[in-house]
>>> print(open('structure_8.txt').read())   # compact mmCIF, N, CA and C atoms and all ligand atoms
# COMPACT_ATOMS: atom_id res chain seq x y z
N MET A 49 0.82 -1.21 0.00
CA MET A 49 0.00 0.00 0.00
C MET A 49 0.86 1.27 0.00
N TYR A 50 1.94 1.30 0.81
CA TYR A 50 2.80 2.48 0.86
C TYR A 50 4.14 2.20 0.19
N SER A 51 4.70 3.23 -0.44
CA SER A 51 6.01 3.08 -1.08
C SER A 51 7.08 2.94 0.01
N GLU A 52 8.25 2.49 -0.42
CA GLU A 52 9.37 2.35 0.54
C GLU A 52 9.74 3.70 1.13
N LYS A 53 9.69 4.73 0.29
CA LYS A 53 10.06 6.07 0.77
C LYS A 53 9.08 6.56 1.82
N VAL A 54 7.79 6.30 1.60
CA VAL A 54 6.79 6.71 2.59
C VAL A 54 7.07 6.00 3.91
N MET A 55 7.32 4.70 3.84
CA MET A 55 7.59 3.93 5.06
C MET A 55 8.85 4.44 5.77
N ASP A 56 9.87 4.77 4.97
CA ASP A 56 11.11 5.28 5.56
C ASP A 56 10.86 6.60 6.30
N HIS A 57 10.16 7.53 5.64
CA HIS A 57 9.93 8.84 6.28
C HIS A 57 8.94 8.75 7.43
N PHE A 58 8.07 7.72 7.40
CA PHE A 58 7.15 7.54 8.52
C PHE A 58 7.90 6.96 9.72
N GLN A 59 8.76 5.97 9.44
CA GLN A 59 9.47 5.32 10.55
C GLN A 59 10.64 6.16 11.08
N ASN A 60 11.26 6.92 10.19
CA ASN A 60 12.39 7.79 10.60
C ASN A 60 12.14 9.21 10.14
N PRO A 61 11.13 9.85 10.69
CA PRO A 61 10.83 11.20 10.20
C PRO A 61 11.97 12.17 10.44
N ARG A 62 12.26 12.98 9.42
CA ARG A 62 13.32 14.00 9.50
C ARG A 62 12.71 15.29 10.04
N ASN A 63 13.52 16.03 10.77
CA ASN A 63 13.16 17.40 11.18
C ASN A 63 11.92 17.50 12.06
N VAL A 64 11.77 16.55 12.97
CA VAL A 64 10.67 16.65 13.93
C VAL A 64 11.14 17.53 15.09
N GLY A 65 10.28 18.43 15.53
CA GLY A 65 10.62 19.26 16.69
C GLY A 65 10.19 20.69 16.51
N GLU A 66 10.84 21.55 17.28
CA GLU A 66 10.49 22.97 17.25
C GLU A 66 11.75 23.77 16.96
N ILE A 67 11.58 24.99 16.46
CA ILE A 67 12.71 25.92 16.33
C ILE A 67 12.41 27.09 17.25
N GLU A 68 13.27 27.24 18.23
CA GLU A 68 13.06 28.35 19.16
C GLU A 68 13.35 29.67 18.45
N GLY A 69 12.47 30.63 18.61
CA GLY A 69 12.66 31.93 17.95
C GLY A 69 12.57 31.82 16.44
N ALA A 70 11.72 30.92 15.94
CA ALA A 70 11.58 30.71 14.49
C ALA A 70 11.15 31.99 13.79
N SER A 71 11.59 32.12 12.53
CA SER A 71 11.20 33.31 11.74
C SER A 71 9.72 33.28 11.42
N GLY A 72 9.18 32.08 11.26
CA GLY A 72 7.77 31.95 10.94
C GLY A 72 7.24 30.63 11.49
N VAL A 73 6.02 30.68 12.05
CA VAL A 73 5.39 29.46 12.57
C VAL A 73 3.98 29.39 12.01
N GLY A 74 3.61 28.22 11.53
CA GLY A 74 2.25 28.06 10.99
C GLY A 74 1.60 26.81 11.55
N THR A 75 0.37 26.96 11.98
CA THR A 75 -0.36 25.80 12.51
C THR A 75 -1.66 25.66 11.72
N VAL A 76 -1.88 24.48 11.21
CA VAL A 76 -3.10 24.27 10.42
C VAL A 76 -3.78 22.97 10.85
N GLY A 77 -5.07 22.91 10.54
CA GLY A 77 -5.83 21.69 10.82
C GLY A 77 -6.36 21.13 9.52
N ASN A 78 -6.47 19.82 9.47
CA ASN A 78 -7.00 19.17 8.28
C ASN A 78 -8.52 19.09 8.38
N ALA A 79 -9.19 19.75 7.45
CA ALA A 79 -10.66 19.82 7.50
C ALA A 79 -11.28 18.43 7.43
N LYS A 80 -10.58 17.50 6.78
CA LYS A 80 -11.17 16.18 6.55
C LYS A 80 -11.13 15.28 7.78
N CYS A 81 -10.01 15.34 8.53
CA CYS A 81 -9.88 14.40 9.65
C CYS A 81 -9.67 15.09 10.99
N GLY A 82 -9.44 16.42 10.97
CA GLY A 82 -9.25 17.14 12.23
C GLY A 82 -7.84 17.08 12.77
N ASP A 83 -6.92 16.45 12.05
CA ASP A 83 -5.53 16.36 12.53
C ASP A 83 -4.85 17.73 12.41
N ILE A 84 -3.78 17.89 13.18
CA ILE A 84 -3.12 19.19 13.30
C ILE A 84 -1.64 19.11 12.94
N MET A 85 -1.15 20.19 12.35
CA MET A 85 0.27 20.25 11.98
C MET A 85 0.81 21.64 12.30
N ARG A 86 2.02 21.66 12.87
CA ARG A 86 2.67 22.95 13.09
C ARG A 86 4.05 22.92 12.44
N MET A 87 4.34 23.96 11.71
CA MET A 87 5.60 24.04 10.97
C MET A 87 6.39 25.26 11.41
N TYR A 88 7.69 25.07 11.61
CA TYR A 88 8.59 26.17 12.02
C TYR A 88 9.61 26.40 10.91
N LEU A 89 9.82 27.67 10.55
CA LEU A 89 10.80 28.00 9.53
C LEU A 89 11.83 28.97 10.09
N ASP A 90 13.09 28.71 9.73
CA ASP A 90 14.16 29.64 10.08
C ASP A 90 14.66 30.22 8.77
N ILE A 91 14.40 31.51 8.56
CA ILE A 91 14.71 32.15 7.28
C ILE A 91 15.73 33.26 7.51
N ASP A 92 16.80 33.27 6.70
CA ASP A 92 17.84 34.28 6.93
C ASP A 92 17.51 35.59 6.22
N GLU A 93 18.41 36.57 6.34
CA GLU A 93 18.12 37.91 5.80
C GLU A 93 18.09 37.92 4.27
N ASN A 94 18.61 36.86 3.65
CA ASN A 94 18.53 36.79 2.19
C ASN A 94 17.31 36.01 1.71
N GLY A 95 16.46 35.63 2.66
CA GLY A 95 15.24 34.92 2.28
C GLY A 95 15.48 33.44 2.00
N ILE A 96 16.56 32.89 2.53
CA ILE A 96 16.84 31.46 2.36
C ILE A 96 16.36 30.70 3.60
N ILE A 97 15.68 29.60 3.37
CA ILE A 97 15.18 28.80 4.49
C ILE A 97 16.31 27.90 4.99
N HIS A 98 16.83 28.24 6.15
CA HIS A 98 17.96 27.50 6.70
C HIS A 98 17.52 26.23 7.40
N ASP A 99 16.38 26.33 8.06
CA ASP A 99 15.93 25.18 8.84
C ASP A 99 14.41 25.13 8.83
N CYS A 100 13.91 23.91 8.99
CA CYS A 100 12.46 23.71 8.98
C CYS A 100 12.17 22.51 9.85
N LYS A 101 11.26 22.67 10.80
CA LYS A 101 10.89 21.54 11.66
C LYS A 101 9.39 21.48 11.78
N PHE A 102 8.89 20.29 12.13
CA PHE A 102 7.43 20.16 12.25
C PHE A 102 7.05 19.30 13.45
N LYS A 103 5.81 19.52 13.88
CA LYS A 103 5.20 18.68 14.90
C LYS A 103 3.79 18.39 14.43
N THR A 104 3.34 17.17 14.61
CA THR A 104 1.99 16.89 14.15
C THR A 104 1.25 15.90 15.03
N PHE A 105 -0.07 16.10 15.06
CA PHE A 105 -0.97 15.06 15.52
C PHE A 105 -1.68 14.60 14.27
N GLY A 106 -0.95 13.91 13.43
CA GLY A 106 -1.52 13.45 12.17
C GLY A 106 -1.19 11.99 11.99
N CYS A 107 -1.68 11.41 10.92
CA CYS A 107 -1.46 9.98 10.66
C CYS A 107 -0.07 9.75 10.06
N GLY A 108 0.22 8.51 9.76
CA GLY A 108 1.52 8.15 9.19
C GLY A 108 1.81 8.86 7.88
N ALA A 109 0.79 9.02 7.06
CA ALA A 109 0.98 9.70 5.77
C ALA A 109 1.29 11.17 6.00
N ALA A 110 0.67 11.76 7.04
CA ALA A 110 0.95 13.16 7.35
C ALA A 110 2.40 13.30 7.84
N VAL A 111 2.85 12.36 8.65
CA VAL A 111 4.22 12.38 9.15
C VAL A 111 5.20 12.26 7.98
N ALA A 112 4.96 11.29 7.10
CA ALA A 112 5.88 11.05 5.98
C ALA A 112 5.91 12.24 5.03
N THR A 113 4.75 12.81 4.71
CA THR A 113 4.74 13.93 3.76
C THR A 113 5.38 15.17 4.40
N SER A 114 5.17 15.37 5.69
CA SER A 114 5.77 16.54 6.33
C SER A 114 7.27 16.39 6.42
N SER A 115 7.72 15.18 6.74
CA SER A 115 9.14 14.90 6.81
C SER A 115 9.79 15.22 5.46
N MET A 116 9.20 14.73 4.38
CA MET A 116 9.74 14.98 3.04
C MET A 116 9.66 16.47 2.70
N ALA A 117 8.54 17.11 3.06
CA ALA A 117 8.38 18.53 2.75
C ALA A 117 9.47 19.37 3.43
N THR A 118 9.79 19.04 4.69
CA THR A 118 10.82 19.82 5.39
C THR A 118 12.17 19.64 4.69
N GLU A 119 12.43 18.42 4.22
CA GLU A 119 13.68 18.18 3.50
C GLU A 119 13.73 19.00 2.21
N LEU A 120 12.57 19.08 1.55
CA LEU A 120 12.53 19.77 0.26
C LEU A 120 12.66 21.29 0.38
N VAL A 121 12.15 21.88 1.47
CA VAL A 121 12.21 23.34 1.56
C VAL A 121 13.53 23.86 2.15
N LYS A 122 14.27 22.99 2.83
CA LYS A 122 15.53 23.42 3.43
C LYS A 122 16.51 23.87 2.35
N GLY A 123 17.10 25.04 2.54
CA GLY A 123 18.08 25.55 1.58
C GLY A 123 17.44 26.29 0.41
N LYS A 124 16.12 26.31 0.39
CA LYS A 124 15.43 26.96 -0.73
C LYS A 124 15.11 28.43 -0.41
N THR A 125 14.84 29.19 -1.48
CA THR A 125 14.34 30.54 -1.29
C THR A 125 12.84 30.43 -0.98
N ILE A 126 12.27 31.54 -0.54
CA ILE A 126 10.83 31.54 -0.24
C ILE A 126 10.03 31.20 -1.50
N GLN A 127 10.42 31.79 -2.62
CA GLN A 127 9.68 31.51 -3.86
C GLN A 127 9.79 30.04 -4.26
N GLU A 128 10.98 29.48 -4.08
CA GLU A 128 11.15 28.04 -4.41
C GLU A 128 10.32 27.18 -3.46
N ALA A 129 10.24 27.62 -2.19
CA ALA A 129 9.48 26.83 -1.21
C ALA A 129 7.99 26.80 -1.57
N LEU A 130 7.53 27.86 -2.23
CA LEU A 130 6.11 27.87 -2.63
C LEU A 130 5.82 26.83 -3.71
N GLN A 131 6.87 26.37 -4.37
CA GLN A 131 6.69 25.32 -5.40
C GLN A 131 6.62 23.93 -4.76
N VAL A 132 6.92 23.84 -3.48
CA VAL A 132 6.87 22.55 -2.79
C VAL A 132 5.40 22.28 -2.42
N THR A 133 4.66 21.88 -3.43
CA THR A 133 3.23 21.61 -3.24
C THR A 133 3.04 20.19 -2.71
N ASN A 134 1.83 19.89 -2.31
CA ASN A 134 1.60 18.51 -1.84
C ASN A 134 1.83 17.52 -2.97
N LYS A 135 1.59 17.97 -4.20
CA LYS A 135 1.82 17.10 -5.36
C LYS A 135 3.32 16.80 -5.51
N ALA A 136 4.13 17.85 -5.36
CA ALA A 136 5.58 17.67 -5.47
C ALA A 136 6.09 16.74 -4.37
N VAL A 137 5.53 16.90 -3.18
CA VAL A 137 5.95 16.06 -2.05
C VAL A 137 5.55 14.61 -2.30
N MET A 138 4.35 14.41 -2.80
CA MET A 138 3.90 13.04 -3.07
C MET A 138 4.76 12.38 -4.15
N GLU A 139 5.13 13.18 -5.15
CA GLU A 139 5.98 12.63 -6.21
C GLU A 139 7.32 12.21 -5.64
N ALA A 140 7.85 13.05 -4.75
CA ALA A 140 9.15 12.74 -4.14
C ALA A 140 9.08 11.48 -3.28
N LEU A 141 7.88 11.16 -2.83
CA LEU A 141 7.69 9.95 -1.99
C LEU A 141 7.22 8.75 -2.81
N ASP A 142 7.23 8.89 -4.13
CA ASP A 142 6.75 7.82 -5.03
C ASP A 142 5.26 7.52 -4.82
N GLY A 143 4.51 8.54 -4.48
CA GLY A 143 3.05 8.40 -4.44
C GLY A 143 2.47 8.04 -3.09
N LEU A 144 1.15 8.29 -2.99
CA LEU A 144 0.38 7.95 -1.77
C LEU A 144 -0.92 7.30 -2.24
N PRO A 145 -1.50 6.43 -1.43
CA PRO A 145 -2.81 5.88 -1.81
C PRO A 145 -3.83 7.03 -1.89
N PRO A 146 -4.78 6.96 -2.83
CA PRO A 146 -5.74 8.06 -3.02
C PRO A 146 -6.44 8.51 -1.74
N VAL A 147 -6.77 7.59 -0.84
CA VAL A 147 -7.48 8.01 0.38
C VAL A 147 -6.58 8.81 1.34
N LYS A 148 -5.28 8.81 1.05
CA LYS A 148 -4.35 9.52 1.93
C LYS A 148 -3.84 10.83 1.33
N VAL A 149 -4.34 11.18 0.16
CA VAL A 149 -3.87 12.40 -0.48
C VAL A 149 -4.17 13.64 0.38
N HIS A 150 -5.31 13.65 1.03
CA HIS A 150 -5.67 14.83 1.84
C HIS A 150 -4.68 15.06 2.97
N CYS A 151 -4.03 14.00 3.45
CA CYS A 151 -3.06 14.13 4.54
C CYS A 151 -1.85 14.97 4.10
N SER A 152 -1.52 14.87 2.81
CA SER A 152 -0.34 15.58 2.31
C SER A 152 -0.57 17.09 2.25
N LEU A 153 -1.82 17.50 2.32
CA LEU A 153 -2.12 18.94 2.28
C LEU A 153 -1.68 19.65 3.55
N LEU A 154 -1.64 18.93 4.65
CA LEU A 154 -1.25 19.54 5.93
C LEU A 154 0.11 20.21 5.84
N ALA A 155 1.08 19.52 5.28
CA ALA A 155 2.44 20.07 5.21
C ALA A 155 2.47 21.31 4.34
N GLU A 156 1.86 21.21 3.16
CA GLU A 156 1.85 22.37 2.24
C GLU A 156 1.18 23.57 2.91
N GLU A 157 0.05 23.33 3.52
CA GLU A 157 -0.68 24.45 4.15
C GLU A 157 0.08 25.02 5.35
N ALA A 158 0.75 24.13 6.08
CA ALA A 158 1.50 24.60 7.25
C ALA A 158 2.72 25.42 6.82
N ILE A 159 3.37 25.04 5.73
CA ILE A 159 4.49 25.83 5.21
C ILE A 159 3.98 27.21 4.79
N HIS A 160 2.85 27.22 4.08
CA HIS A 160 2.29 28.50 3.65
C HIS A 160 1.92 29.37 4.86
N ALA A 161 1.34 28.74 5.88
CA ALA A 161 0.96 29.49 7.08
C ALA A 161 2.20 30.05 7.78
N ALA A 162 3.29 29.28 7.80
CA ALA A 162 4.53 29.73 8.43
C ALA A 162 5.14 30.88 7.62
N LEU A 163 5.06 30.79 6.30
CA LEU A 163 5.58 31.87 5.45
C LEU A 163 4.74 33.13 5.63
N TRP A 164 3.43 32.94 5.78
CA TRP A 164 2.53 34.08 6.01
C TRP A 164 2.89 34.77 7.32
N ASP A 165 3.15 33.97 8.33
CA ASP A 165 3.55 34.49 9.64
C ASP A 165 4.85 35.29 9.52
N TYR A 166 5.81 34.73 8.78
CA TYR A 166 7.09 35.40 8.55
C TYR A 166 6.86 36.74 7.85
N ALA A 167 6.03 36.74 6.80
CA ALA A 167 5.76 37.96 6.04
C ALA A 167 5.10 39.02 6.93
N GLU A 168 4.16 38.57 7.76
CA GLU A 168 3.48 39.53 8.64
C GLU A 168 4.44 40.14 9.65
N LYS A 169 5.31 39.29 10.20
CA LYS A 169 6.28 39.77 11.19
C LYS A 169 7.24 40.79 10.58
N HIS A 170 7.54 40.61 9.29
CA HIS A 170 8.51 41.49 8.63
C HIS A 170 7.84 42.58 7.81
N GLY A 171 6.53 42.62 7.84
CA GLY A 171 5.82 43.66 7.09
C GLY A 171 6.05 43.59 5.60
N ILE A 172 6.16 42.37 5.07
CA ILE A 172 6.38 42.23 3.62
C ILE A 172 5.25 41.41 3.00
N LYS A 173 5.19 41.46 1.67
CA LYS A 173 4.20 40.65 0.97
C LYS A 173 4.96 39.63 0.14
N ILE A 174 4.57 38.39 0.22
CA ILE A 174 5.23 37.36 -0.57
C ILE A 174 4.38 37.09 -1.80
N GLU A 175 4.99 37.34 -2.95
CA GLU A 175 4.32 37.14 -4.24
C GLU A 175 3.78 35.71 -4.35
N GLY A 176 2.51 35.59 -4.67
CA GLY A 176 1.92 34.27 -4.91
C GLY A 176 1.46 33.55 -3.64
N LEU A 177 1.57 34.21 -2.49
CA LEU A 177 1.16 33.57 -1.24
C LEU A 177 -0.15 34.19 -0.74
N ASP A 178 -1.18 33.37 -0.62
CA ASP A 178 -2.46 33.85 -0.11
C ASP A 178 -2.56 33.57 1.38
N LYS A 179 -3.41 34.29 2.04
CA LYS A 179 -3.62 34.08 3.48
C LYS A 179 -4.10 32.65 3.69
N PRO A 180 -3.45 31.91 4.59
CA PRO A 180 -3.85 30.51 4.79
C PRO A 180 -5.30 30.42 5.27
N LYS A 181 -6.05 29.49 4.69
CA LYS A 181 -7.46 29.41 5.07
C LYS A 181 -7.68 28.68 6.39
N SER A 182 -6.81 27.73 6.67
CA SER A 182 -7.10 26.90 7.84
C SER A 182 -6.18 27.18 9.02
N ASP A 183 -5.59 28.40 9.04
CA ASP A 183 -4.72 28.71 10.17
C ASP A 183 -5.58 28.73 11.44
N ILE A 184 -5.08 28.13 12.50
CA ILE A 184 -5.85 28.11 13.73
C ILE A 184 -5.09 28.80 14.84
N SER A 185 -5.82 29.34 15.77
CA SER A 185 -5.18 30.16 16.80
C SER A 185 -4.46 29.30 17.82
N GLU A 186 -3.55 29.94 18.54
CA GLU A 186 -2.79 29.24 19.59
C GLU A 186 -3.73 28.61 20.62
N GLU A 187 -4.78 29.35 20.98
CA GLU A 187 -5.70 28.86 22.02
C GLU A 187 -6.36 27.56 21.58
N GLU A 188 -6.77 27.53 20.30
CA GLU A 188 -7.43 26.32 19.81
C GLU A 188 -6.47 25.13 19.87
N VAL A 189 -5.20 25.41 19.54
CA VAL A 189 -4.21 24.33 19.55
C VAL A 189 -3.98 23.82 20.97
N GLU A 190 -3.84 24.76 21.91
CA GLU A 190 -3.62 24.34 23.29
C GLU A 190 -4.75 23.43 23.75
N GLU A 191 -5.97 23.75 23.32
CA GLU A 191 -7.11 22.91 23.73
C GLU A 191 -6.98 21.52 23.12
N GLU A 192 -6.58 21.48 21.85
CA GLU A 192 -6.48 20.20 21.15
C GLU A 192 -5.35 19.35 21.70
N TYR A 193 -4.21 20.00 21.99
CA TYR A 193 -3.04 19.26 22.44
C TYR A 193 -3.32 18.69 23.79
FE1 LIG B 201 -5.54 12.99 9.27
FE2 LIG B 201 -3.98 11.66 7.63
S1 LIG B 201 -5.83 10.99 8.48
S2 LIG B 201 -3.70 13.64 8.38
>>> encode(input="structure_8.txt", output="structure tokens", more="lines below")
Ligand code: FES
Amino acid sequence: MYSEKVMDHFQNPRNVGEIEGASGVGTVGNAKCGDIMRMYLDIDENGIIHDCKFKTFGCGAAVATSSMATELVKGKTIQEALQVTNKAVMEALDGLPPVKVHCSLLAEEAIHAALWDYAEKHGIKIEGLDKPKSDISEEEVEEEY
């Protein structure tokens, strides 16, 4: 059912954790299953993503896609990171079963939410980035956690 890469990233997820003093933090919920994802980005003054970490209350597919997504955005510019769509992540993982495609959206949306947070903190606008629809407040997360 799952590719070897999915199993590898699920069993040995990369970049799990938090970044203290992160440049941008995004927390999103999956409308379909209610699972939660938080993404931390460390972005330097040249707009390069130096580090990316995640925490999730999501399923195995959410863990694997987020793990791969963090690997893909590290070292990238903000504009390049916007190209790391859930489709790109799934391709990098050699696919996901159709019923698990919605899980891969968590990582993409959380990256966008973290970039939005970064842009707001710096008073800038990121070309091609819309306000995340499923961003949830800290209070809601504390209740869920
Ligand atoms: Fe919720 Fe996969 S079932 S993220």
>>> residues_near_ligand(input="structure_8.txt", ligand="ligand LIG 201 (chain B)", cutoff="6.5 Å", atoms="all atoms listed in the file", output="number ranges by chain")
A: 78, 80-84, 105-110, 148, 150-152
>>> axis_aligned_box(input="structure_8.txt", around="stretch 88-103 of chain A", padding_each_side="8 Å", output="JSON")
{"center_x": 11.2, "center_y": 28.2, "center_z": 8.3, "size_x": 30.8, "size_y": 35.5, "size_z": 29.2}
>>> atom_distance(input="structure_8.txt", atom1="atom CA of A:Asn60", atom2="atom CA of A:His160")
24.1 Å
>>> residues_near_point(input="structure_8.txt", point="(18.1, 32.9, 4.8)", cutoff="12 Å", atoms="only C-alpha atoms", output="PyMOL selection string")
chain A and resi 70-71+89-100+121-126+166
>>> closest_residue(input="structure_8.txt", among="A:Glu128, A:Glu68, A:Leu120, A:Met138", to="A:Gly176", atoms="only C-alpha atoms")
A:Glu128
>>> closest_residue(input="structure_8.txt", among="A:Asp56, A:Gly143, A:Arg62, A:Val73", to="A:Ala158", atoms="all atoms listed in the file")
A:Val73
>>> atom_distance(input="structure_8.txt", atom1="atom C of A:Gln127", atom2="atom C of A:Thr104")
25.4 Å
>>> atom_distance(input="structure_8.txt", atom1="atom N of A:Thr113", atom2="atom C of A:Pro145")
12.3 Å
>>> residues_around(input="structure_8.txt", residues="A:Glu157", least_positions_apart="4", cutoff="8 Å", atoms="only C-alpha atoms", output="PyMOL selection string")
chain A and resi 76+153+161+180+182
>>> decode(input="structure_8.txt", residues="stretch 87-178 of chain A", atoms="C-alpha atoms", output="PDB file, in the first residue's frame")
ATOM      1  CA  MET A  87       5.597  24.038  10.967  1.00  0.00           C
ATOM      2  CA  TYR A  88       8.587  26.169  12.022  1.00  0.00           C
ATOM      3  CA  LEU A  89      10.801  27.997   9.525  1.00  0.00           C
ATOM      4  CA  ASP A  90      14.159  29.636  10.084  1.00  0.00           C
ATOM      5  CA  ILE A  91      14.710  32.155   7.276  1.00  0.00           C
ATOM      6  CA  ASP A  92      17.841  34.284   6.929  1.00  0.00           C
ATOM      7  CA  GLU A  93      18.125  37.911   5.798  1.00  0.00           C
ATOM      8  CA  ASN A  94      18.532  36.791   2.185  1.00  0.00           C
ATOM      9  CA  GLY A  95      15.245  34.919   2.280  1.00  0.00           C
ATOM     10  CA  ILE A  96      16.838  31.461   2.356  1.00  0.00           C
ATOM     11  CA  ILE A  97      15.176  28.799   4.490  1.00  0.00           C
ATOM     12  CA  HIS A  98      17.955  27.496   6.699  1.00  0.00           C
ATOM     13  CA  ASP A  99      15.927  25.180   8.839  1.00  0.00           C
ATOM     14  CA  CYS A 100      12.463  23.712   8.976  1.00  0.00           C
ATOM     15  CA  LYS A 101      10.891  21.542  11.658  1.00  0.00           C
ATOM     16  CA  PHE A 102       7.432  20.156  12.254  1.00  0.00           C
ATOM     17  CA  LYS A 103       5.202  18.677  14.904  1.00  0.00           C
ATOM     18  CA  THR A 104       1.991  16.886  14.152  1.00  0.00           C
ATOM     19  CA  PHE A 105      -0.972  15.065  15.519  1.00  0.00           C
ATOM     20  CA  GLY A 106      -1.525  13.447  12.175  1.00  0.00           C
ATOM     21  CA  CYS A 107      -1.464   9.978  10.664  1.00  0.00           C
ATOM     22  CA  GLY A 108       1.521   8.149   9.190  1.00  0.00           C
ATOM     23  CA  ALA A 109       0.983   9.698   5.770  1.00  0.00           C
ATOM     24  CA  ALA A 110       0.953  13.165   7.354  1.00  0.00           C
ATOM     25  CA  VAL A 111       4.222  12.382   9.153  1.00  0.00           C
ATOM     26  CA  ALA A 112       5.880  11.051   5.978  1.00  0.00           C
ATOM     27  CA  THR A 113       4.740  13.933   3.765  1.00  0.00           C
ATOM     28  CA  SER A 114       5.771  16.539   6.332  1.00  0.00           C
ATOM     29  CA  SER A 115       9.139  14.901   6.809  1.00  0.00           C
ATOM     30  CA  MET A 116       9.741  14.983   3.039  1.00  0.00           C
ATOM     31  CA  ALA A 117       8.377  18.535   2.751  1.00  0.00           C
ATOM     32  CA  THR A 118      10.824  19.816   5.387  1.00  0.00           C
ATOM     33  CA  GLU A 119      13.683  18.179   3.501  1.00  0.00           C
ATOM     34  CA  LEU A 120      12.532  19.770   0.256  1.00  0.00           C
ATOM     35  CA  VAL A 121      12.214  23.340   1.559  1.00  0.00           C
ATOM     36  CA  LYS A 122      15.531  23.422   3.429  1.00  0.00           C
ATOM     37  CA  GLY A 123      18.077  25.548   1.576  1.00  0.00           C
ATOM     38  CA  LYS A 124      15.426  26.956  -0.734  1.00  0.00           C
ATOM     39  CA  THR A 125      14.336  30.542  -1.287  1.00  0.00           C
ATOM     40  CA  ILE A 126      10.831  31.542  -0.243  1.00  0.00           C
ATOM     41  CA  GLN A 127       9.683  31.514  -3.859  1.00  0.00           C
ATOM     42  CA  GLU A 128      11.149  28.043  -4.407  1.00  0.00           C
ATOM     43  CA  ALA A 129       9.475  26.833  -1.210  1.00  0.00           C
ATOM     44  CA  LEU A 130       6.113  27.873  -2.634  1.00  0.00           C
ATOM     45  CA  GLN A 131       6.688  25.324  -5.395  1.00  0.00           C
ATOM     46  CA  VAL A 132       6.866  22.545  -2.792  1.00  0.00           C
ATOM     47  CA  THR A 133       3.227  21.609  -3.240  1.00  0.00           C
ATOM     48  CA  ASN A 134       1.601  18.515  -1.837  1.00  0.00           C
ATOM     49  CA  LYS A 135       1.819  17.097  -5.360  1.00  0.00           C
ATOM     50  CA  ALA A 136       5.580  17.670  -5.475  1.00  0.00           C
ATOM     51  CA  VAL A 137       5.952  16.060  -2.048  1.00  0.00           C
ATOM     52  CA  MET A 138       3.896  13.038  -3.069  1.00  0.00           C
ATOM     53  CA  GLU A 139       5.981  12.631  -6.215  1.00  0.00           C
ATOM     54  CA  ALA A 140       9.152  12.744  -4.135  1.00  0.00           C
ATOM     55  CA  LEU A 141       7.687   9.954  -1.992  1.00  0.00           C
ATOM     56  CA  ASP A 142       6.745   7.823  -5.028  1.00  0.00           C
ATOM     57  CA  GLY A 143       3.049   8.400  -4.444  1.00  0.00           C
ATOM     58  CA  LEU A 144       0.385   7.948  -1.775  1.00  0.00           C
ATOM     59  CA  PRO A 145      -2.815   5.879  -1.813  1.00  0.00           C
ATOM     60  CA  PRO A 146      -5.740   8.061  -3.021  1.00  0.00           C
ATOM     61  CA  VAL A 147      -7.477   8.007   0.384  1.00  0.00           C
ATOM     62  CA  LYS A 148      -4.353   9.523   1.929  1.00  0.00           C
ATOM     63  CA  VAL A 149      -3.868  12.405  -0.485  1.00  0.00           C
ATOM     64  CA  HIS A 150      -5.675  14.827   1.840  1.00  0.00           C
ATOM     65  CA  CYS A 151      -3.055  14.135   4.541  1.00  0.00           C
ATOM     66  CA  SER A 152      -0.340  15.583   2.311  1.00  0.00           C
ATOM     67  CA  LEU A 153      -2.122  18.937   2.276  1.00  0.00           C
ATOM     68  CA  LEU A 154      -1.252  19.535   5.934  1.00  0.00           C
ATOM     69  CA  ALA A 155       2.444  20.065   5.214  1.00  0.00           C
ATOM     70  CA  GLU A 156       1.851  22.366   2.242  1.00  0.00           C
ATOM     71  CA  GLU A 157      -0.675  24.451   4.148  1.00  0.00           C
ATOM     72  CA  ALA A 158       1.500  24.605   7.252  1.00  0.00           C
ATOM     73  CA  ILE A 159       4.491  25.830   5.212  1.00  0.00           C
ATOM     74  CA  HIS A 160       2.288  28.500   3.650  1.00  0.00           C
ATOM     75  CA  ALA A 161       0.959  29.492   7.079  1.00  0.00           C
ATOM     76  CA  ALA A 162       4.527  29.734   8.430  1.00  0.00           C
ATOM     77  CA  LEU A 163       5.578  31.872   5.447  1.00  0.00           C
ATOM     78  CA  TRP A 164       2.532  34.075   6.009  1.00  0.00           C
ATOM     79  CA  ASP A 165       3.545  34.492   9.642  1.00  0.00           C
ATOM     80  CA  TYR A 166       7.095  35.403   8.546  1.00  0.00           C
ATOM     81  CA  ALA A 167       5.760  37.961   6.039  1.00  0.00           C
ATOM     82  CA  GLU A 168       3.476  39.526   8.642  1.00  0.00           C
ATOM     83  CA  LYS A 169       6.280  39.768  11.195  1.00  0.00           C
ATOM     84  CA  HIS A 170       8.513  41.487   8.633  1.00  0.00           C
ATOM     85  CA  GLY A 171       5.816  43.663   7.091  1.00  0.00           C
ATOM     86  CA  ILE A 172       6.378  42.229   3.620  1.00  0.00           C
ATOM     87  CA  LYS A 173       4.198  40.654   0.968  1.00  0.00           C
ATOM     88  CA  ILE A 174       5.234  37.357  -0.569  1.00  0.00           C
ATOM     89  CA  GLU A 175       4.323  37.138  -4.237  1.00  0.00           C
ATOM     90  CA  GLY A 176       1.922  34.266  -4.909  1.00  0.00           C
ATOM     91  CA  LEU A 177       1.156  33.566  -1.243  1.00  0.00           C
ATOM     92  CA  ASP A 178      -2.459  33.853  -0.107  1.00  0.00           C
TER      93      ASP A 178
END
